[in-house]
$ cat model.txt   # compact mmCIF, C-alpha atoms
# COMPACT_ATOMS: atom_id res chain seq x y z
CA MET A 1201 20.75 17.61 23.73
CA SER A 1202 17.76 15.64 22.34
CA ILE A 1203 17.96 12.08 20.97
CA SER A 1204 17.07 13.34 17.48
CA SER A 1205 19.95 15.84 17.59
CA ILE A 1206 22.38 13.11 18.70
CA ILE A 1207 21.19 10.85 15.85
CA CYS A 1208 21.57 13.64 13.28
CA ARG A 1209 25.07 14.55 14.51
CA ASN A 1210 26.20 10.90 14.25
CA PHE A 1211 24.02 10.12 11.24
CA ALA A 1212 26.63 8.31 9.12
CA TRP A 1213 27.63 5.99 11.99
CA VAL A 1214 24.01 5.23 12.91
CA VAL A 1215 23.14 4.41 9.29
CA ALA A 1216 26.24 2.22 8.91
CA ILE A 1217 25.34 0.25 12.05
CA LEU A 1218 21.71 -0.18 10.96
CA ILE A 1219 22.74 -1.35 7.48
CA LEU A 1220 25.13 -3.86 9.09
CA ILE A 1221 22.27 -5.13 11.31
CA ARG A 1222 20.03 -5.50 8.23
CA ILE A 1223 22.76 -7.50 6.47
CA VAL A 1224 23.05 -9.79 9.50
CA PHE A 1225 19.26 -10.17 9.53
CA PHE A 1226 19.28 -11.13 5.85
CA VAL A 1227 22.06 -13.70 6.36
CA CYS A 1228 20.12 -15.21 9.28
CA PHE A 1229 16.99 -15.21 7.16
CA VAL A 1230 18.71 -17.31 4.47
CA VAL A 1231 20.83 -19.54 6.73
CA PHE A 1232 17.92 -20.48 8.98
CA ASP A 1233 15.55 -21.00 6.05
CA GLY A 1234 13.37 -17.97 6.64
CA GLN A 1235 9.82 -17.99 5.38
CA TYR A 1236 8.99 -15.67 2.50
CA LEU A 1237 5.78 -17.10 1.05
CA GLU A 1238 2.31 -15.74 1.75
CA GLU A 1239 -0.91 -17.04 0.24
CA ASP A 1240 -0.60 -14.56 -2.66
CA SER A 1241 3.10 -15.38 -3.15
CA GLY A 1242 2.39 -18.74 -4.75
CA TYR A 1243 0.03 -17.09 -7.22
CA TYR A 1244 2.69 -14.55 -8.23
CA ILE A 1245 5.26 -17.33 -8.73
CA TRP A 1246 2.76 -19.37 -10.74
CA LEU A 1247 2.05 -16.39 -13.03
CA ALA A 1248 5.79 -15.81 -13.42
CA ASP A 1249 6.32 -19.44 -14.44
CA ILE A 1250 3.56 -19.24 -17.06
CA LEU A 1251 5.00 -15.98 -18.39
CA ARG A 1252 8.47 -17.46 -18.61
CA GLU A 1253 7.52 -20.82 -20.13
CA HIS A 1254 4.70 -19.79 -22.49
CA HIS A 1255 5.29 -16.03 -22.95
CA VAL A 1256 1.66 -15.24 -22.11
CA PHE A 1257 0.11 -13.59 -19.07
CA SER A 1258 -2.61 -16.13 -18.49
CA GLN A 1259 -4.86 -17.44 -15.72
CA THR A 1260 -4.49 -20.94 -17.15
CA ASP A 1261 -1.15 -22.73 -17.44
CA GLN A 1262 -2.11 -24.92 -20.42
CA PRO A 1263 -3.51 -24.11 -23.88
CA PRO A 1264 -5.99 -22.67 -24.63
CA PHE A 1265 -4.69 -19.83 -22.51
CA SER A 1266 -7.11 -17.44 -20.82
CA PRO A 1267 -5.95 -13.80 -20.39
CA GLN A 1268 -5.22 -12.87 -16.78
CA LEU A 1269 -7.23 -9.90 -15.57
CA PHE A 1270 -7.20 -10.21 -11.79
CA ARG A 1271 -3.48 -9.42 -11.39
CA THR A 1272 -1.33 -6.88 -13.21
CA PRO A 1273 1.90 -8.15 -14.83
CA GLY A 1274 4.54 -5.95 -13.18
CA TYR A 1275 5.62 -8.16 -10.29
CA PRO A 1276 5.28 -11.54 -12.09
CA THR A 1277 7.46 -10.11 -14.88
CA PHE A 1278 10.09 -9.18 -12.28
CA LEU A 1279 10.07 -12.76 -10.89
CA ALA A 1280 10.11 -14.27 -14.41
CA LEU A 1281 13.09 -12.12 -15.39
CA LEU A 1282 15.08 -13.28 -12.36
CA LYS A 1283 14.31 -16.92 -13.21
CA GLU A 1284 15.30 -16.33 -16.82
CA LEU A 1285 18.65 -15.03 -15.55
CA GLY A 1286 19.19 -18.25 -13.61
CA MET A 1287 17.99 -16.96 -10.23
CA GLU A 1288 15.41 -19.69 -9.64
CA SER A 1289 15.20 -19.58 -5.85
CA PRO A 1290 12.81 -17.06 -4.26
CA TYR A 1291 15.76 -16.05 -2.07
CA TRP A 1292 17.17 -14.26 -5.11
CA ALA A 1293 13.99 -12.18 -5.32
CA VAL A 1294 14.35 -11.38 -1.62
CA LEU A 1295 17.97 -10.30 -2.14
CA TRP A 1296 16.99 -7.99 -4.99
CA GLN A 1297 14.13 -6.62 -2.94
CA GLU A 1298 16.55 -5.79 -0.12
CA LEU A 1299 18.68 -3.89 -2.66
CA ILE A 1300 15.58 -2.15 -4.05
CA TYR A 1301 14.57 -1.11 -0.55
CA GLY A 1302 18.07 0.26 -0.01
CA LEU A 1303 17.67 2.22 -3.26
CA CYS A 1304 14.40 3.65 -1.94
CA VAL A 1305 16.15 4.83 1.23
CA PHE A 1306 18.78 6.55 -0.93
CA ILE A 1307 16.10 8.14 -3.17
CA PHE A 1308 14.31 9.47 -0.12
CA PHE A 1309 17.51 10.83 1.44
CA HIS A 1310 18.94 12.41 -1.71
CA TYR A 1311 15.75 13.90 -3.14
CA GLY A 1312 13.83 14.39 0.10
CA LYS A 1313 16.46 16.57 1.76
CA PRO A 1314 15.73 19.69 -0.36
CA LEU A 1315 12.00 19.24 0.33
CA PHE A 1316 11.90 18.45 4.04
CA GLY A 1317 15.23 19.72 5.34
CA GLY A 1318 18.24 17.82 6.62
CA LYS A 1319 17.03 16.89 10.11
CA ILE A 1320 13.64 15.47 9.13
CA THR A 1321 15.14 13.58 6.20
CA ARG A 1322 17.84 12.01 8.38
CA LEU A 1323 15.26 10.93 10.94
CA GLY A 1324 13.15 9.55 8.07
CA VAL A 1325 16.10 7.46 6.85
CA ILE A 1326 16.58 6.00 10.36
CA PHE A 1327 12.85 5.26 10.51
CA LEU A 1328 12.96 3.45 7.14
CA LEU A 1329 15.88 1.31 8.30
CA ILE A 1330 14.32 0.20 11.61
CA GLU A 1331 10.57 0.14 10.88
CA PRO A 1332 9.26 -3.49 11.16
CA GLY A 1333 7.47 -3.32 7.80
CA GLY A 1334 10.72 -2.19 6.17
CA LEU A 1335 12.49 -5.16 7.77
CA SER A 1336 9.92 -7.79 6.81
CA THR A 1337 8.16 -6.76 3.60
CA PRO A 1338 11.27 -6.95 1.34
CA LYS A 1339 11.67 -10.56 2.54
CA MET A 1340 8.27 -11.59 1.22
CA ILE A 1341 7.34 -12.57 -2.32
CA LEU A 1342 4.85 -9.75 -2.65
CA SER A 1343 4.67 -6.69 -4.90
CA GLU A 1344 5.00 -3.89 -2.32
CA THR A 1345 8.80 -3.51 -2.37
CA LEU A 1346 9.06 -3.37 -6.17
CA PHE A 1347 6.31 -0.74 -6.18
CA LEU A 1348 8.08 1.51 -3.67
CA PRO A 1349 10.84 3.16 -5.82
CA PHE A 1350 8.31 4.20 -8.47
CA PHE A 1351 5.94 5.66 -5.88
CA PHE A 1352 8.77 7.48 -4.08
CA SER A 1353 10.06 8.87 -7.38
CA GLY A 1354 6.59 10.03 -8.42
CA ILE A 1355 5.85 11.80 -5.12
CA LEU A 1356 9.27 13.44 -4.75
CA ALA A 1357 9.25 14.58 -8.38
CA ILE A 1358 6.06 16.56 -7.64
CA GLY A 1359 7.89 18.26 -4.78
CA HIS A 1360 10.81 19.21 -7.00
CA TYR A 1361 8.42 20.44 -9.70
CA LEU A 1362 6.90 22.86 -7.18
CA ARG A 1363 10.42 24.15 -6.41
CA THR A 1364 11.57 24.51 -10.03
CA HIS A 1365 8.29 24.74 -12.07
CA ASN A 1366 9.86 22.38 -14.60
CA GLY A 1367 6.94 20.62 -16.31
CA ARG A 1368 9.13 17.69 -17.35
CA LEU A 1369 9.28 16.64 -13.71
CA LEU A 1370 5.51 16.11 -13.73
CA PHE A 1371 5.82 13.99 -16.88
CA PHE A 1372 8.43 11.93 -15.03
CA SER A 1373 6.16 11.74 -11.97
CA GLY A 1374 3.18 10.52 -13.99
CA ALA A 1375 5.33 7.97 -15.82
CA MET A 1376 6.76 6.60 -12.56
CA MET A 1377 3.32 6.26 -11.02
CA GLY A 1378 2.17 4.59 -14.24
CA VAL A 1379 4.88 1.96 -13.90
CA GLY A 1380 3.81 1.61 -10.26
CA ALA A 1381 0.25 0.87 -11.42
CA TRP A 1382 1.54 -2.07 -13.47
CA ILE A 1383 2.86 -3.44 -10.17
CA ARG A 1384 0.16 -2.34 -7.72
CA PRO A 1385 -3.07 -1.10 -9.34
CA ALA A 1386 -4.18 0.40 -6.01
CA ILE A 1387 -2.42 3.63 -7.08
CA LEU A 1388 -4.77 4.02 -10.07
CA TYR A 1389 -6.74 7.03 -8.77
CA PHE A 1390 -3.96 8.83 -6.93
CA PRO A 1391 -2.47 10.72 -9.95
CA ALA A 1392 -5.89 12.39 -10.34
CA VAL A 1393 -5.81 13.35 -6.65
CA ALA A 1394 -2.32 14.84 -7.13
CA ALA A 1395 -3.32 16.70 -10.31
CA ILE A 1396 -6.44 18.20 -8.69
CA THR A 1397 -4.33 19.34 -5.72
CA LEU A 1398 -1.77 20.98 -8.00
CA VAL A 1399 -4.49 22.84 -9.87
CA GLY A 1400 -6.35 23.73 -6.67
CA PHE A 1401 -3.32 25.65 -5.36
CA ALA A 1402 -2.94 27.68 -8.58
CA ILE A 1403 -6.38 27.59 -10.13
CA LYS A 1404 -5.86 30.79 -12.18
CA ASP A 1405 -2.46 29.69 -13.52
CA LYS A 1406 -2.95 28.30 -17.04
CA LYS A 1407 0.54 26.80 -17.00
CA ARG A 1408 -0.33 24.81 -13.84
CA TRP A 1409 -3.39 23.36 -15.58
CA LEU A 1410 -1.17 22.36 -18.50
CA HIS A 1411 1.44 20.78 -16.24
CA ALA A 1412 -1.20 18.88 -14.24
CA GLY A 1413 -2.50 17.60 -17.57
CA VAL A 1414 1.03 16.48 -18.45
CA LEU A 1415 1.15 14.41 -15.25
CA LEU A 1416 -2.14 12.68 -16.10
CA PHE A 1417 -1.14 12.25 -19.75
CA ALA A 1418 2.13 10.53 -18.78
CA PHE A 1419 0.32 8.25 -16.33
CA ILE A 1420 -2.35 7.25 -18.87
CA LEU A 1421 0.30 6.83 -21.58
CA VAL A 1422 2.21 4.31 -19.46
CA ILE A 1423 -0.81 2.27 -18.36
CA SER A 1424 -2.59 2.43 -21.76
CA PRO A 1425 -0.98 -0.73 -23.24
CA TRP A 1426 -2.43 -2.76 -20.36
CA LEU A 1427 -5.82 -1.05 -20.61
CA LEU A 1428 -5.92 -1.58 -24.39
CA ARG A 1429 -4.92 -5.21 -23.97
CA ASN A 1430 -7.85 -5.72 -21.60
CA TYR A 1431 -10.19 -3.86 -23.94
CA HIS A 1432 -9.07 -6.12 -26.78
CA TYR A 1433 -9.81 -9.29 -24.81
CA PHE A 1434 -12.76 -8.19 -22.67
CA GLY A 1435 -14.24 -5.11 -24.36
CA LYS A 1436 -13.62 -3.03 -21.25
CA LEU A 1437 -10.95 -0.55 -20.13
CA VAL A 1438 -10.09 -2.05 -16.76
CA MET A 1439 -6.88 -2.20 -14.73
CA SER A 1440 -7.57 -5.10 -12.37
CA GLY A 1441 -10.32 -7.22 -10.84
CA GLN A 1442 -9.09 -6.55 -7.31
CA GLN A 1443 -11.84 -4.04 -6.61
CA SER A 1444 -14.55 -6.64 -7.23
CA ASN A 1445 -12.70 -9.15 -5.07
CA MET A 1446 -12.33 -6.73 -2.15
CA LEU A 1447 -15.94 -5.57 -2.25
CA ALA A 1448 -17.47 -9.04 -2.45
CA ASN A 1449 -15.12 -11.21 -0.42
CA TYR A 1450 -14.07 -8.79 2.32
CA HIS A 1451 -16.31 -5.72 2.53
CA VAL A 1452 -19.62 -7.59 2.35
CA PRO A 1453 -18.73 -10.22 5.00
CA MET A 1454 -17.52 -7.51 7.38
CA VAL A 1455 -20.71 -5.50 6.92
CA TRP A 1456 -22.84 -8.62 7.35
CA GLU A 1457 -20.93 -9.38 10.55
CA SER A 1458 -21.80 -5.93 11.91
CA ALA A 1459 -25.36 -5.71 10.59
CA ARG A 1460 -26.56 -9.31 10.76
CA GLY A 1461 -24.27 -10.97 13.28
CA ILE A 1462 -22.86 -13.43 10.71
CA PRO A 1463 -19.23 -14.42 11.53
CA PHE A 1464 -16.78 -13.15 8.91
CA TRP A 1465 -15.71 -16.48 7.41
CA THR A 1466 -19.30 -17.73 7.29
CA GLY A 1467 -20.22 -14.58 5.39
CA HIS A 1468 -17.16 -15.01 3.17
CA LYS A 1469 -18.33 -18.47 2.11
CA LYS A 1470 -21.93 -17.31 1.72
CA ILE A 1471 -21.14 -14.41 -0.63
CA LYS A 1472 -18.81 -16.59 -2.72
CA GLU A 1473 -21.63 -19.11 -3.14
CA GLN A 1474 -24.09 -16.33 -3.99
CA VAL A 1475 -21.74 -15.01 -6.68
CA ARG A 1476 -21.13 -18.49 -8.08
CA LEU A 1477 -24.87 -19.18 -8.40
CA ALA A 1478 -25.44 -15.79 -10.06
CA ILE A 1479 -22.65 -16.50 -12.58
CA ASP A 1480 -24.14 -19.93 -13.40
CA GLU A 1481 -27.60 -18.42 -13.82
CA GLN A 1482 -26.33 -15.63 -16.10
CA ALA A 1483 -24.37 -18.15 -18.17
CA LYS A 1484 -27.57 -20.17 -18.69
CA LYS A 1485 -29.44 -17.06 -19.79
CA LEU A 1486 -26.75 -16.14 -22.32
CA ASP A 1487 -26.18 -19.78 -23.29
CA ARG A 1488 -22.42 -19.32 -22.99
CA LYS A 1489 -19.68 -19.09 -20.40
CA LEU A 1490 -19.07 -15.61 -19.00
CA SER A 1491 -15.72 -13.93 -19.58
CA THR A 1492 -13.54 -13.00 -16.59
CA ALA A 1493 -14.53 -9.33 -16.93
CA GLU A 1494 -18.24 -10.26 -16.99
CA GLU A 1495 -17.83 -12.42 -13.90
CA LEU A 1496 -16.04 -9.61 -12.06
CA ASP A 1497 -18.72 -7.09 -13.10
CA LEU A 1498 -21.45 -9.38 -11.81
CA GLU A 1499 -19.53 -10.01 -8.59
CA GLN A 1500 -19.12 -6.27 -8.06
CA LYS A 1501 -22.81 -5.59 -8.77
CA ILE A 1502 -23.90 -8.19 -6.21
CA ALA A 1503 -21.49 -6.74 -3.65
CA ILE A 1504 -22.64 -3.14 -4.21
CA ASP A 1505 -26.31 -4.18 -4.01
CA GLU A 1506 -25.62 -5.85 -0.65
CA LEU A 1507 -23.59 -2.93 0.71
CA LYS A 1508 -26.35 -0.45 -0.26
CA LYS A 1509 -28.67 -2.23 2.17
CA TYR A 1510 -26.49 -1.30 5.15
CA PRO A 1511 -25.03 2.20 4.52
CA TRP A 1512 -24.51 3.06 8.20
CA HIS A 1513 -22.86 -0.27 9.01
CA TYR A 1514 -20.68 0.07 5.91
CA LEU A 1515 -19.52 3.55 6.93
CA LYS A 1516 -18.89 2.37 10.50
CA GLN A 1517 -16.89 -0.66 9.35
CA TRP A 1518 -14.91 1.52 6.94
CA CYS A 1519 -13.95 3.85 9.80
CA PHE A 1520 -12.94 0.87 11.95
CA GLY A 1521 -10.88 -0.47 9.03
CA VAL A 1522 -9.07 2.85 8.65
CA LEU A 1523 -8.20 2.81 12.37
CA LYS A 1524 -6.93 -0.75 12.00
CA THR A 1525 -4.77 0.16 9.00
CA MET A 1526 -3.50 3.31 10.71
CA ASN A 1527 -2.55 1.64 14.00
CA GLY A 1528 -1.85 -1.96 13.01
CA ALA A 1529 1.61 -3.29 13.85
CA ASN A 1530 3.94 -4.82 11.26
CA LEU A 1531 5.74 -6.96 13.83
CA PHE A 1532 3.94 -10.12 12.69
CA GLY A 1533 5.72 -9.68 9.37
CA VAL A 1534 9.08 -9.86 11.14
CA TYR A 1535 7.94 -12.91 13.12
CA HIS A 1536 6.70 -14.54 9.93
CA ALA A 1537 9.86 -13.82 7.96
CA PHE A 1538 12.15 -15.24 10.65
CA ARG A 1539 9.95 -18.23 11.56
CA HIS A 1540 9.41 -17.00 15.10
CA ARG A 1541 6.60 -19.19 16.37
CA THR A 1542 3.71 -17.29 17.91
CA ASP A 1543 0.22 -18.44 18.75
CA ARG A 1544 -1.08 -15.82 16.41
CA LEU A 1545 -4.78 -15.12 16.58
CA HIS A 1546 -6.02 -13.89 13.20
CA PHE A 1547 -8.33 -10.90 13.47
CA PHE A 1548 -10.85 -12.30 10.96
CA GLU A 1549 -11.06 -15.63 12.83
CA ILE A 1550 -12.32 -14.07 16.07
CA GLU A 1551 -15.97 -15.06 16.40
CA ALA A 1552 -17.08 -11.88 18.21
CA THR A 1553 -19.10 -9.72 15.85
CA ASP A 1554 -18.60 -6.40 17.64
CA PHE A 1555 -15.47 -4.57 16.46
CA LYS A 1556 -14.51 -3.35 19.96
CA ASP A 1557 -14.81 -6.90 21.33
CA LYS A 1558 -12.70 -8.19 18.44
CA VAL A 1559 -9.97 -5.64 19.12
CA TYR A 1560 -9.94 -6.49 22.83
CA ILE A 1561 -9.75 -10.28 22.24
CA PHE A 1562 -7.09 -9.77 19.58
CA LEU A 1563 -4.85 -7.57 21.74
CA ILE A 1564 -4.98 -9.66 24.91
CA ASN A 1565 -3.70 -12.63 22.91
CA GLN A 1566 -0.59 -10.84 21.62
CA ASP A 1567 2.88 -10.54 23.10
CA TYR A 1568 4.20 -7.39 24.77
CA PHE A 1569 6.34 -6.37 21.77
CA TYR A 1570 3.29 -6.37 19.52
CA ILE A 1571 1.28 -4.32 22.05
CA ALA A 1572 4.21 -1.89 22.34
CA GLU A 1573 4.27 -1.35 18.58
CA VAL A 1574 0.50 -0.84 18.47
CA LEU A 1575 0.81 1.81 21.20
CA LEU A 1576 3.65 3.48 19.27
CA ARG A 1577 1.51 3.43 16.11
CA VAL A 1578 -1.36 5.04 18.02
CA ILE A 1579 0.96 7.82 19.20
CA ILE A 1580 2.33 8.32 15.67
CA GLY A 1581 -1.22 8.33 14.32
CA LEU A 1582 -2.38 10.97 16.80
CA PHE A 1583 0.52 13.27 15.98
CA ALA A 1584 0.00 12.61 12.25
CA LEU A 1585 -3.62 13.79 12.58
CA ILE A 1586 -2.36 16.93 14.35
CA GLY A 1587 0.21 17.26 11.56
CA ALA A 1588 -2.62 17.07 9.02
CA LEU A 1589 -4.28 20.07 10.70
CA TRP A 1590 -0.97 21.97 10.57
CA ILE A 1591 -0.55 21.12 6.85
CA VAL A 1592 -4.09 22.33 6.11
CA ILE A 1593 -3.36 25.61 7.87
CA LYS A 1594 0.08 26.00 6.27
CA ARG A 1595 -1.30 25.55 2.73
CA ASP A 1596 1.90 24.13 1.26
CA CYS A 1597 0.99 22.33 -1.99
CA PHE A 1598 3.58 19.56 -1.75
CA LEU A 1599 2.73 18.81 1.87
CA TRP A 1600 -0.91 18.57 0.80
CA VAL A 1601 0.06 16.02 -1.88
CA MET A 1602 2.04 14.07 0.72
CA MET A 1603 -0.82 14.20 3.24
CA LEU A 1604 -3.38 13.07 0.66
CA ALA A 1605 -1.07 10.21 -0.38
CA ASN A 1606 -0.95 9.13 3.27
CA PHE A 1607 -4.72 9.11 3.63
CA TYR A 1608 -5.18 7.54 0.19
CA PHE A 1609 -3.21 4.42 1.07
CA ILE A 1610 -4.41 4.26 4.67
CA CYS A 1611 -8.08 4.53 3.69
CA SER A 1612 -7.97 2.34 0.55
CA PRO A 1613 -8.23 -1.08 2.30
CA GLY A 1614 -11.63 -0.04 3.61
CA PRO A 1615 -13.37 -2.20 6.22
CA MET A 1616 -10.82 -5.01 6.08
CA GLY A 1617 -8.04 -2.78 7.47
CA TYR A 1618 -4.54 -3.98 6.61
CA ALA A 1619 -1.28 -2.51 7.94
CA ARG A 1620 0.67 -3.62 4.85
CA PHE A 1621 -1.34 -1.20 2.69
CA ARG A 1622 0.38 1.57 4.70
CA PHE A 1623 3.83 0.36 3.61
CA PRO A 1624 4.33 2.78 0.65
CA VAL A 1625 3.66 5.84 2.84
CA GLU A 1626 5.26 4.78 6.14
CA VAL A 1627 7.98 7.44 6.02
CA PHE A 1628 5.59 10.17 4.86
CA TRP A 1629 3.18 9.27 7.67
CA PHE A 1630 6.15 9.52 10.05
CA ILE A 1631 7.03 12.97 8.65
CA GLN A 1632 3.44 14.12 9.02
CA ALA A 1633 3.55 12.97 12.67
CA TYR A 1634 6.86 14.82 13.13
CA TYR A 1635 5.23 18.05 11.90
CA GLY A 1636 2.37 17.47 14.32
CA LEU A 1637 4.75 16.95 17.24
CA ALA A 1638 6.83 20.03 16.30
CA TRP A 1639 3.69 22.15 16.03
CA MET A 1640 2.45 21.01 19.44
CA GLN A 1641 5.84 21.78 21.00
CA CYS A 1642 5.81 25.22 19.39
CA LEU A 1643 2.30 25.97 20.70
CA LEU A 1644 3.22 24.83 24.21
CA GLN A 1645 6.37 26.96 24.15
CA LYS A 1646 4.37 30.02 23.08
CA ARG A 1647 1.91 29.39 25.87
CA LYS A 1648 4.70 29.22 28.45
CA LEU A 1649 6.16 32.48 27.14
CA GLN A 1650 2.75 34.16 27.37
CA LYS A 1651 2.41 33.06 31.01
CA THR A 1652 5.84 34.42 31.91

$ encode --input "model.txt" --output "structure tokens"
Amino acid sequence: MSISSIICRNFAWVVAILILIRIVFFVCFVVFDGQYLEEDSGYYIWLADILREHHVFSQTDQPPFSPQLFRTPGYPTFLALLKELGMESPYWAVLWQELIYGLCVFIFFHYGKPLFGGKITRLGVIFLLIEPGGLSTPKMILSETLFLPFFFSGILAIGHYLRTHNGRLLFFSGAMMGVGAWIRPAILYFPAVAAITLVGFAIKDKKRWLHAGVLLFAFILVISPWLLRNYHYFGKLVMSGQQSNMLANYHVPMVWESARGIPFWTGHKKIKEQVRLAIDEQAKKLDRKLSTAEELDLEQKIAIDELKKYPWHYLKQWCFGVLKTMNGANLFGVYHAFRHRTDRLHFFEIEATDFKDKVYIFLINQDYFYIAEVLLRVIIGLFALIGALWIVIKRDCFLWVMMLANFYFICSPGPMGYARFRFPVEVFWFIQAYYGLAWMQCLLQKRKLQKT
């Protein structure tokens, strides 16, 4: 009997034990003063305090307030609400995030079972409960965990729509992903990907076109207040300034490192100074201070102009970044959350400019547990790529949506590569790998039968 069969037969006991272990971990996290703040965490808390005290979503904490455009208000509102209810300590946010993550596991189990089958869903639940990112990310003051139930609901609703052909499920899906965009704007383009996929599998079905339109309508309806607010203040329909930030402060330095041999952090400082000078020069020309949207537009233009100079290096660095996101371990998150001291070597701080040299230097400075998780991620990634081929051949619409969601979040960090961006699709990536493994086993079994 295989390990997966044993787990499935004793599923309730295994889940109970894993939940108990997670509770013990949380108690230890609080008792031993676990660490939950990242660099971005302080910014989220600061925005929540402004929202609570002044009832504005501003990038300045004193009048005259300046509308915040860089971040979306979903997660700061969540933190502000907890504080308003008397839950001042960030540990309260961590507790609620643990409960939200538990809700996500339930959503996946209850609504995923009709889509994937009992065995795969049970294995997915176990994976969610033991995966290092699932252990550490809810313990950080970051937006990923709050985003997860809305993303799960949106994806699974598409699956149930394809089973029932109930158009209201696509309205629900679009609305859930719209709420998710208020929390993490990275999802902004995915509803269009899902709608195109739905139409592509039934291109002659007028009702499918209508239902795909309903999904997009619901998504736009939910995000429109934020877009209209930004248009009112900045004259532009924009969701967030994150894209400009990523292109200028991360993509450009990584491309410069590859193309010109400039160390990443040197390039990071250089592009920031270049943007600052350009903003000052434009302000002098216009004889006024630029708005936030104008500054972000100028920053993005400078970044794109630089990236256009090195198309091959940009493509190469993007591919390296995808590999890093795909295979990066989340174990550092667990170490960070539980204050386990490691002589961590940050990938961006390695002075080698060749990506292969960077990877080698990075890996030889890590502990064996980290290396083991990287190797496991590589194996999962290889089977997930095989699973992608199986999904393409199978031509199942929902599995295509799931697969495209996996690649959407894995590819979106670009050259910087960041394992935490994979967090929303961890279980779906695992399922894709499971399909790849099952397909390979099936092919090998057929080959053996042919030989005999």

$ closest_residue --input "model.txt" --among "A:Trp1590, A:Phe1607, A:Phe1562, A:Tyr1431" --to "Pro1267 in chain A" --atoms "only C-alpha atoms"
A:Tyr1431

$ residues_around --input "model.txt" --residues "Leu1576 in chain A" --least-positions-apart "6" --cutoff "10 Å" --atoms "all atoms listed in the file" --output "VMD selection string"
chain A and resid 1527 to 1529 1570 1582

$ closest_residue --input "model.txt" --among "A:Trp1296, A:Phe1419, A:Trp1465, A:Tyr1560" --to "Leu1282 in chain A" --atoms "all atoms listed in the file"
A:Trp1296

$ closest_residue --input "model.txt" --among "A:Ser1424, A:Asn1606, A:Thr1397, A:Thr1277" --to "Gln1632 in chain A" --atoms "all atoms listed in the file"
A:Asn1606

$ closest_residue --input "model.txt" --among "A:Leu1531, A:Ala1605, A:Ile1502, A:Leu1281" --to "Ala1619 in chain A" --atoms "only C-alpha atoms"
A:Leu1531

$ atom_distance --input "model.txt" --atom1 "CA of Ala1375 in chain A" --atom2 "CA of Glu1238 in chain A"
29.7 Å

$ atom_distance --input "model.txt" --atom1 "CA of Cys1597 in chain A" --atom2 "CA of Phe1401 in chain A"
6.4 Å

$ closest_atom_pairs --input "model.txt" --of "range 1388-1464 of chain A" --to "range 1250-1261 of chain A" --cutoff "12 Å" --atoms "all atoms listed in the file" --output "JSON lines"
{"residue": "A:Trp1426", "atom": "CA", "partner": "A:Phe1257", "partner_atom": "CA", "distance": 11.2}
{"residue": "A:Arg1429", "atom": "CA", "partner": "A:Phe1257", "partner_atom": "CA", "distance": 10.9}
{"residue": "A:Asn1430", "atom": "CA", "partner": "A:Phe1257", "partner_atom": "CA", "distance": 11.5}
{"residue": "A:Tyr1433", "atom": "CA", "partner": "A:Ser1258", "partner_atom": "CA", "distance": 11.8}

$ closest_residue --input "model.txt" --among "A:Ala1493, A:Ile1420, A:Leu1285, A:Ile1300" --to "Ser1266 in chain A" --atoms "all atoms listed in the file"
A:Ala1493

$ closest_residue --input "model.txt" --among "A:Ile1245, A:Ala1395, A:Leu1315, A:Ala1386" --to "Leu1342 in chain A" --atoms "all atoms listed in the file"
A:Ile1245

$ closest_atom_pairs --input "model.txt" --of "range 1391-1414 of chain A" --to "range 1367-1372 of chain A" --cutoff "12 Å" --atoms "all atoms listed in the file" --output "CSV"
residue,atom,partner,partner_atom,distance
A:Pro1391,CA,A:Leu1370,CA,10.3
A:Ala1394,CA,A:Leu1370,CA,10.3
A:Ala1395,CA,A:Leu1370,CA,9.5
A:Leu1398,CA,A:Leu1370,CA,10.5
A:Lys1407,CA,A:Gly1367,CA,8.9
A:Arg1408,CA,A:Gly1367,CA,8.7
A:Trp1409,CA,A:Gly1367,CA,10.7
A:Leu1410,CA,A:Gly1367,CA,8.6
A:His1411,CA,A:Gly1367,CA,5.5
A:Ala1412,CA,A:Leu1370,CA,7.3
A:Gly1413,CA,A:Leu1370,CA,9.0
A:Val1414,CA,A:Phe1371,CA,5.6

$ axis_aligned_box --input "model.txt" --around "range 1601-1620 of chain A" --padding-each-side "8 Å" --output "lines of an AutoDock Vina configuration file"
center_x = -5.7
center_y = 5.5
center_z = 3.0
size_x = 31.4
size_y = 37.0
size_z = 25.8

$ residues_around --input "model.txt" --residues "Leu1348 in chain A" --least-positions-apart "3" --cutoff "6 Å" --atoms "all atoms listed in the file" --output "PyMOL selection string"
chain A and resi 1345+1351+1624

$ write_last_selection --input "model.txt" --atoms "C-alpha atoms" --output "CSV table (one decimal), in the coordinates of the input"
chain,number,residue,atom,x,y,z
A,1345,THR,CA,8.8,-3.5,-2.4
A,1351,PHE,CA,5.9,5.7,-5.9
A,1624,PRO,CA,4.3,2.8,0.6

$ atom_distance --input "model.txt" --atom1 "CA of Pro1290 in chain A" --atom2 "CA of Thr1525 in chain A"
28.0 Å

$ residues_around --input "model.txt" --residues "Val1601 in chain A" --least-positions-apart "5" --cutoff "12 Å" --atoms "only C-alpha atoms" --output "PyMOL selection string"
chain A and resi 1354-1359+1362+1390-1401+1588+1591-1592+1595-1596+1606-1608+1625+1628+1632

$ residues_around --input "model.txt" --residues "range 1328-1337 of chain A" --least-positions-apart "4" --cutoff "8 Å" --atoms "only C-alpha atoms" --output "VMD selection string"
chain A and resid 1215 1218 to 1219 1222 1301 1305 1324 1342 1344 to 1345 1530 to 1531 1533 to 1534 1537 1620 1623 1626 to 1627
